[in-house]
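Q: File follows, start-v1.cif with mmCIF, C-alpha atoms and all ligand atoms:
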data_structure
#
loop_
_atom_site.label_atom_id
_atom_site.label_comp_id
_atom_site.auth_asym_id
_atom_site.auth_seq_id
_atom_site.Cartn_x
_atom_site.Cartn_y
_atom_site.Cartn_z
CA MET A 1 0.00 0.00 0.00
CA SER A 2 1.37 3.43 -0.86
CA VAL A 3 1.37 6.10 1.82
CA SER A 4 -0.50 9.36 1.22
CA VAL A 5 1.55 12.54 1.38
CA HIS A 6 -0.37 15.60 2.53
CA PRO A 7 0.11 18.59 0.17
CA SER A 8 1.67 20.63 2.99
CA ILE A 9 4.63 18.21 3.11
CA THR A 10 7.14 19.11 0.41
CA GLU A 11 9.77 16.93 -1.24
CA LEU A 12 12.37 19.17 0.39
CA ASP A 13 10.82 18.57 3.84
CA ILE A 14 11.12 14.83 3.28
CA TYR A 15 14.68 15.09 1.98
CA LEU A 16 15.89 17.33 4.80
CA PHE A 17 14.13 15.42 7.57
CA ASP A 18 15.57 12.15 6.36
CA LEU A 19 19.04 13.65 5.92
CA ARG A 20 19.36 15.85 8.99
CA GLY A 21 16.74 14.43 11.37
CA TYR A 22 14.99 17.74 11.90
CA LEU A 23 13.08 20.56 10.23
CA LEU A 24 12.92 24.17 11.38
CA LEU A 25 9.32 25.36 11.04
CA LYS A 26 9.63 29.13 10.79
CA GLY A 27 6.60 31.04 12.09
CA ALA A 28 4.77 27.86 13.11
CA LEU A 29 2.77 29.97 15.56
CA ASP A 30 1.70 33.54 14.92
CA GLU A 31 2.19 36.41 17.35
CA ALA A 32 -1.32 36.16 18.79
CA GLU A 33 -0.85 32.44 19.49
CA VAL A 34 2.51 33.02 21.18
CA ASP A 35 1.07 35.89 23.24
CA ALA A 36 -1.86 33.72 24.34
CA LEU A 37 0.47 30.89 25.45
CA ASN A 38 2.73 33.30 27.33
CA ALA A 39 -0.29 34.92 29.01
CA VAL A 40 -1.38 31.52 30.34
CA LEU A 41 2.12 30.84 31.68
CA ASP A 42 2.33 34.34 33.21
CA ALA A 43 -0.93 33.74 35.08
CA LEU A 44 0.25 30.50 36.69
CA PRO A 45 1.55 30.69 40.26
CA ALA A 46 5.25 30.00 40.87
CA LEU A 47 5.53 26.25 41.43
CA LEU A 48 8.28 24.14 42.93
CA PRO A 49 9.12 20.69 41.53
CA GLY A 50 6.55 18.22 42.80
CA GLN A 51 3.76 20.79 43.20
CA TRP A 52 0.53 20.73 41.21
CA HIS A 53 -1.61 23.58 39.92
CA GLY A 54 -4.86 22.05 38.75
CA ASN A 55 -3.74 19.27 36.41
CA VAL A 56 -0.34 20.80 35.63
CA HIS A 57 2.66 19.31 37.46
CA ALA A 58 5.96 21.05 38.16
CA HIS A 59 8.97 18.82 37.51
CA ARG A 60 12.70 18.87 36.76
CA TYR A 61 14.86 16.34 34.95
CA GLY A 62 18.18 17.32 36.46
CA THR A 63 19.81 20.17 38.29
CA SER A 64 20.41 22.59 35.42
CA ASP A 65 17.69 21.97 32.80
CA GLY A 66 15.12 24.24 34.47
CA LEU A 67 11.55 23.85 35.62
CA ASN A 68 9.13 21.87 33.46
CA LEU A 69 5.37 22.31 33.68
CA GLN A 70 4.22 18.84 32.68
CA GLN A 71 0.77 18.15 31.21
CA ILE A 72 0.72 21.73 29.97
CA TYR A 73 -2.09 20.86 27.52
CA GLU A 74 -4.29 20.95 30.64
CA ALA A 75 -3.56 24.68 31.11
CA GLY A 76 -6.11 26.06 28.65
CA GLU A 77 -7.42 26.22 25.11
CA SER A 78 -4.30 27.87 23.67
CA PHE A 79 -2.29 24.81 24.74
CA GLU A 80 -5.02 22.41 23.54
CA ARG A 81 -4.69 23.88 20.05
CA LEU A 82 -1.09 22.68 19.91
CA ILE A 83 -2.22 19.03 20.07
CA ASP A 84 -3.16 19.00 16.37
CA HIS A 85 -1.83 22.34 15.22
CA PRO A 86 -1.93 22.62 11.41
CA SER A 87 1.66 23.90 11.26
CA TRP A 88 2.98 20.44 12.16
CA PHE A 89 0.15 17.93 12.53
CA GLU A 90 0.37 16.41 9.02
CA HIS A 91 4.16 16.31 9.16
CA VAL A 92 4.15 14.54 12.51
CA LYS A 93 1.56 12.02 11.29
CA PHE A 94 3.67 11.36 8.21
CA PHE A 95 6.98 10.87 10.04
CA VAL A 96 5.52 8.74 12.84
CA GLY A 97 3.78 6.93 10.00
CA GLY A 98 1.85 3.70 10.31
CA GLU A 99 -1.08 4.62 8.02
CA GLY A 100 -3.00 1.48 7.06
CA THR A 101 -1.11 -0.74 9.52
CA PHE A 102 -1.67 -2.16 12.98
CA ASP A 103 0.17 0.91 14.35
CA TRP A 104 -2.98 2.94 13.53
CA HIS A 105 -5.27 0.57 15.44
CA HIS A 106 -6.24 3.36 17.85
CA GLY A 107 -5.60 6.30 15.52
CA PRO A 108 -2.52 7.97 14.11
CA LEU A 109 -0.82 9.43 17.19
CA PHE A 110 -0.40 9.70 20.94
CA ILE A 111 1.33 12.44 22.95
CA ASP A 112 3.41 10.79 25.65
CA GLU A 113 4.87 13.97 27.12
CA ASN A 114 4.00 17.66 26.88
CA PHE A 115 5.55 20.46 28.91
CA ALA A 116 6.66 24.07 29.08
CA ASN A 117 10.28 24.59 30.11
CA PHE A 118 11.80 27.66 31.78
CA ARG A 119 15.57 27.94 31.36
CA GLU A 120 17.29 30.44 33.65
CA PRO A 121 20.79 31.96 33.43
CA GLY A 122 23.41 29.25 34.00
CA GLY A 123 21.01 26.50 32.91
CA GLY A 124 21.35 24.02 30.06
CA ILE A 125 20.96 20.35 29.22
CA GLY A 126 23.66 17.93 28.07
CA LEU A 127 23.81 15.99 24.83
CA HIS A 128 21.58 12.92 24.81
CA SER A 129 20.09 10.40 22.32
CA GLY A 130 21.64 9.24 19.05
CA GLY A 131 21.18 6.50 16.47
CA ASP A 132 23.81 4.31 18.13
CA THR A 133 21.59 3.03 20.95
CA GLY A 134 18.92 1.43 18.75
CA THR A 135 16.30 2.43 21.29
CA LYS A 136 12.90 1.33 19.95
CA ARG A 137 10.80 3.96 21.74
CA ASN A 138 12.30 6.91 19.90
CA GLN A 139 13.79 5.12 16.89
CA PHE A 140 14.20 6.72 13.49
CA ARG A 141 13.00 4.33 10.82
CA TYR A 142 12.37 4.52 7.08
CA LEU A 143 11.40 1.12 5.66
CA ASN A 144 9.63 -0.07 2.52
CA GLY A 145 8.78 3.42 1.34
CA ARG A 146 7.47 4.83 4.60
CA PHE A 147 8.65 6.63 7.71
CA GLN A 148 7.97 4.75 10.96
CA CYS A 149 9.56 6.90 13.65
CA GLY A 150 8.99 6.12 17.31
CA GLN A 151 8.99 9.68 18.55
CA ILE A 152 8.75 13.04 16.84
CA ASN A 153 9.24 16.12 19.00
CA ILE A 154 7.83 19.56 18.39
CA LEU A 155 9.85 22.14 20.32
CA ILE A 156 8.34 25.63 20.14
CA ALA A 157 10.08 28.87 21.13
CA LEU A 158 7.91 31.20 23.22
CA THR A 159 10.76 33.71 23.56
CA ASP A 160 13.32 34.75 20.95
CA ILE A 161 16.34 32.46 21.24
CA GLY A 162 19.62 33.92 19.98
CA PRO A 163 23.28 33.83 21.04
CA GLY A 164 23.61 33.43 24.83
CA ASP A 165 19.96 32.46 25.30
CA GLY A 166 20.63 28.73 25.73
CA GLY A 167 19.31 27.56 22.37
CA THR A 168 18.56 23.96 21.50
CA MET A 169 21.63 22.22 20.06
CA ILE A 170 21.60 19.21 17.79
CA VAL A 171 24.10 17.05 15.97
CA PRO A 172 22.65 16.98 12.44
CA CYS A 173 22.37 13.45 10.97
CA SER A 174 23.18 11.77 14.32
CA HIS A 175 19.89 9.83 14.14
CA LYS A 176 21.84 7.65 11.68
CA SER A 177 25.01 7.48 13.75
CA ASN A 178 26.46 4.07 14.61
CA PHE A 179 28.63 5.42 17.41
CA ALA A 180 27.94 7.39 20.56
CA HIS A 181 29.33 10.91 20.56
CA PRO A 182 32.36 10.64 22.86
CA HIS A 183 31.33 13.87 24.61
CA ALA A 184 27.67 13.03 25.08
CA GLY A 185 26.11 12.84 28.53
CA LEU A 186 23.67 14.74 30.69
CA ALA A 187 26.39 15.23 33.30
CA ARG A 188 27.95 17.93 31.11
CA GLU A 189 24.82 20.05 31.63
CA ALA A 190 25.18 21.86 28.28
CA VAL A 191 26.32 21.18 24.73
CA ASP A 192 28.52 24.25 24.15
CA GLY A 193 31.77 23.50 22.37
CA ILE A 194 30.90 19.91 21.51
CA GLU A 195 32.23 18.98 18.07
CA ALA A 196 29.60 18.70 15.29
CA ALA A 197 26.79 20.17 17.45
CA THR A 198 24.97 23.23 16.11
CA GLU A 199 22.84 25.71 18.00
CA ILE A 200 19.46 26.56 16.52
CA TYR A 201 18.41 30.17 16.83
CA MET A 202 14.68 30.78 16.77
CA HIS A 203 12.22 33.62 16.80
CA LYS A 204 9.32 33.18 19.14
CA GLY A 205 6.70 31.15 17.28
CA ASP A 206 9.29 29.05 15.39
CA ALA A 207 9.32 25.32 16.06
CA ILE A 208 11.81 22.51 15.56
CA LEU A 209 10.38 19.18 14.43
CA PHE A 210 12.89 16.42 15.16
CA THR A 211 13.21 12.72 15.62
CA ASP A 212 14.07 12.14 19.26
CA THR A 213 16.82 9.80 18.06
CA LEU A 214 18.81 12.86 17.01
CA SER A 215 21.53 13.74 19.53
CA HIS A 216 20.32 16.93 21.15
CA GLY A 217 20.52 19.15 24.20
CA SER A 218 21.04 22.89 24.65
CA ALA A 219 23.65 25.57 25.02
CA ARG A 220 24.09 27.07 28.47
CA ARG A 221 22.03 30.20 28.95
CA VAL A 222 24.34 33.09 29.84
CA ASN A 223 22.03 36.02 29.13
CA PRO A 224 19.74 37.42 31.82
CA GLY A 225 16.07 36.50 31.61
CA VAL A 226 14.34 33.21 31.03
CA ARG A 227 14.08 31.12 27.87
CA ARG A 228 10.61 29.64 27.40
CA ILE A 229 9.90 26.65 25.19
CA VAL A 230 7.10 24.12 24.87
CA VAL A 231 7.72 20.49 23.88
CA TYR A 232 5.08 18.02 22.64
CA ARG A 233 6.33 14.49 21.93
CA TYR A 234 4.31 12.36 19.52
CA GLY A 235 4.48 8.63 18.87
CA PRO A 236 2.19 5.84 17.74
CA SER A 237 -1.28 5.47 19.27
CA TRP A 238 -0.30 2.38 21.29
CA GLY A 239 2.29 4.34 23.27
CA ASN A 240 2.11 5.18 26.94
CA PHE A 241 2.82 8.21 29.10
CA ARG A 242 6.47 8.79 29.84
CA HIS A 243 5.75 9.78 33.44
CA GLY A 244 2.49 7.98 34.15
CA TYR A 245 0.19 11.02 33.95
CA GLU A 246 -3.45 10.66 32.85
CA PRO A 247 -5.48 13.30 31.02
CA SER A 248 -8.11 14.77 33.34
CA PRO A 249 -11.81 14.01 32.73
CA GLU A 250 -12.39 17.77 32.27
CA LEU A 251 -9.78 17.97 29.51
CA LEU A 252 -11.19 14.91 27.74
CA GLU A 253 -14.68 16.39 28.00
CA ARG A 254 -13.79 19.68 26.33
CA LEU A 255 -11.43 18.42 23.58
CA THR A 256 -12.49 17.96 19.97
CA PRO A 257 -12.77 14.28 18.93
CA GLN A 258 -9.46 14.44 17.03
CA ARG A 259 -7.59 15.97 19.97
CA ARG A 260 -9.20 13.56 22.42
CA GLN A 261 -8.02 10.64 20.35
CA ILE A 262 -4.42 11.90 20.38
CA VAL A 263 -4.50 12.50 24.13
CA GLN A 264 -6.21 9.20 24.96
CA PRO A 265 -6.24 6.92 21.88
CA GLN A 266 -7.54 3.86 23.65
CA LYS A 267 -11.11 3.88 24.91
CA ARG A 268 -11.40 2.57 28.46
CA ILE A 269 -13.33 -0.72 28.59
CA GLU A 270 -16.23 -0.54 31.04
CA ARG A 271 -17.13 -3.61 33.04
O1 LIG A 301 16.05 22.43 26.18
C1 LIG A 301 16.31 22.19 24.99
O2 LIG A 301 16.50 23.08 24.16
C2 LIG A 301 16.39 20.76 24.54
C3 LIG A 301 15.22 19.95 25.01
C4 LIG A 301 15.52 18.51 25.11
O3 LIG A 301 16.61 18.10 25.38
C5 LIG A 301 14.45 17.54 24.87
O4 LIG A 301 13.35 17.93 24.51
O5 LIG A 301 14.71 16.32 25.04
#
Transcribe the structure of this file into structure tokens.
A:
Amino acid sequence: MSVSVHPSITELDIYLFDLRGYLLLKGALDEAEVDALNAVLDALPALLPGQWHGNVHAHRYGTSDGLNLQQIYEAGESFERLIDHPSWFEHVKFFVGGEGTFDWHHGPLFIDENFANFREPGGGIGLHSGGDTGTKRNQFRYLNGRFQCGQINILIALTDIGPGDGGTMIVPCSHKSNFAHPHAGLAREAVDGIEAATEIYMHKGDAILFTDTLSHGSARRVNPGVRRIVVYRYGPSWGNFRHGYEPSPELLERLTPQRRQIVQPQKRIER
């Protein structure tokens, strides 16, 4: 069976994603959308890791990566719209793939993690992932004429990210690497100066679409102020939550059918 290619996905998108493991989606969100997302974040109380505000959970991965607000799609309609945003939805569906196969048993996609991240001066995250591990959960795969990737990330800038701001860094093509980068490791806390890694500068509203297999991390933020990003991670509909969260009944109630299916692909079986 041949796979359908949505008209918004160009031959160049396919070529570059396959080659480099990522696409930069310039202006994925417009100014009004970015302002609305920032307004929601501004209105939230300051939270410490482990605290909840409604159905949003404050969390950290390490010591330097900054605060994450997990389950951020619970924070309001402007975050709900990101679930199937037209700037990336068809691309994500295409690269996760699975159309017409058992992978689509419960629909095309599932979001296993979604969060806003606040990166303060001094913060960063070390280089992680890479094709060498063969990890199935986030694998990059192109087989028999179709993409079948385990995890596609959408990382959206909510602030401008330029030199000194602690931009996302990637090693282009490393989703196909057979060897671990000798300088990889979260213990390094930032990717600055690591051979072959490039920093991606973004205007607020730009997004990076990337296979999670790609070696990635961020530069250390040295400028004053806080970098804000949002990350939604998509995989096949049979996936499970990275951290064991559940969508709230209120969220499920107010979502459109398409969004509800991405947030909770499998219907609960009543006894
Ligand atoms: O903070 C960043 O720019 C990188 C985010 C990251 O490492 C991830 O999403 O896994």
Q: May I ask for the distance between atom CA of Gln258 of chain A and atom CA of Val92 of chain A, given in Å to one decimal place?
A: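 So the two atoms, atom CA of Gln258 of chain A and atom CA of Val92 of chain A, lie 14.3 Å apart.
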Q: Excluding Arg137 of chain A and any residue of its chain fewer than 4 positions from it, enumerate the residues within 10 Å of it, using only C-alpha atoms, and give them as a list in words.
A: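 The residues satisfying every condition are Cys149, Gly150, Gln151, Asp212, Thr213, Gly235, Pro236 and Gly239 of chain A.
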Q: Listed atoms of ligand LIG 301 (chain A), axis-aligned box, 8 Å per side: centre and edge lengths to one decimal in Å, as lines of an AutoDock Vina configuration file?
A:
center_x = 15.0
center_y = 19.7
center_z = 25.2
size_x = 19.3
size_y = 22.8
size_z = 18.0
Q: Which residues come within 12 Å of Gly225 of chain A, counting only C-alpha atoms, excluding same-chain residues fewer than 3 positions away, as an MDAnalysis selection string?
A: chainID A and resid 118:123 159:161 164:166 221:222 228
Q: Which residues are near Ile72 of chain A? Cut-off 7 Å, only C-alpha atoms, ignore same chain within fewer than 6 positions. Put them as a list in words.
A: Val56, Phe79, Asn114, Phe115 and Ala116 of chain A
Q: Can those selected residues be exported to a file as a CSV table (one decimal), keeping the file's coordinate frame so that it contains C-alpha atoms?
A:
chain,number,residue,atom,x,y,z
A,56,VAL,CA,-0.3,20.8,35.6
A,79,PHE,CA,-2.3,24.8,24.7
A,114,ASN,CA,4.0,17.7,26.9
A,115,PHE,CA,5.6,20.5,28.9
A,116,ALA,CA,6.7,24.1,29.1
Q: Identify, counting only C-alpha atoms and all ligand atoms, the protein, DNA and RNA residues located within 9 Å of ligand LIG 301 (chain A), and give them as a ChimeraX atom specification.
A: /A:65-66,117-119,124-129,153-155,166-170,200,212,215-219,229-233
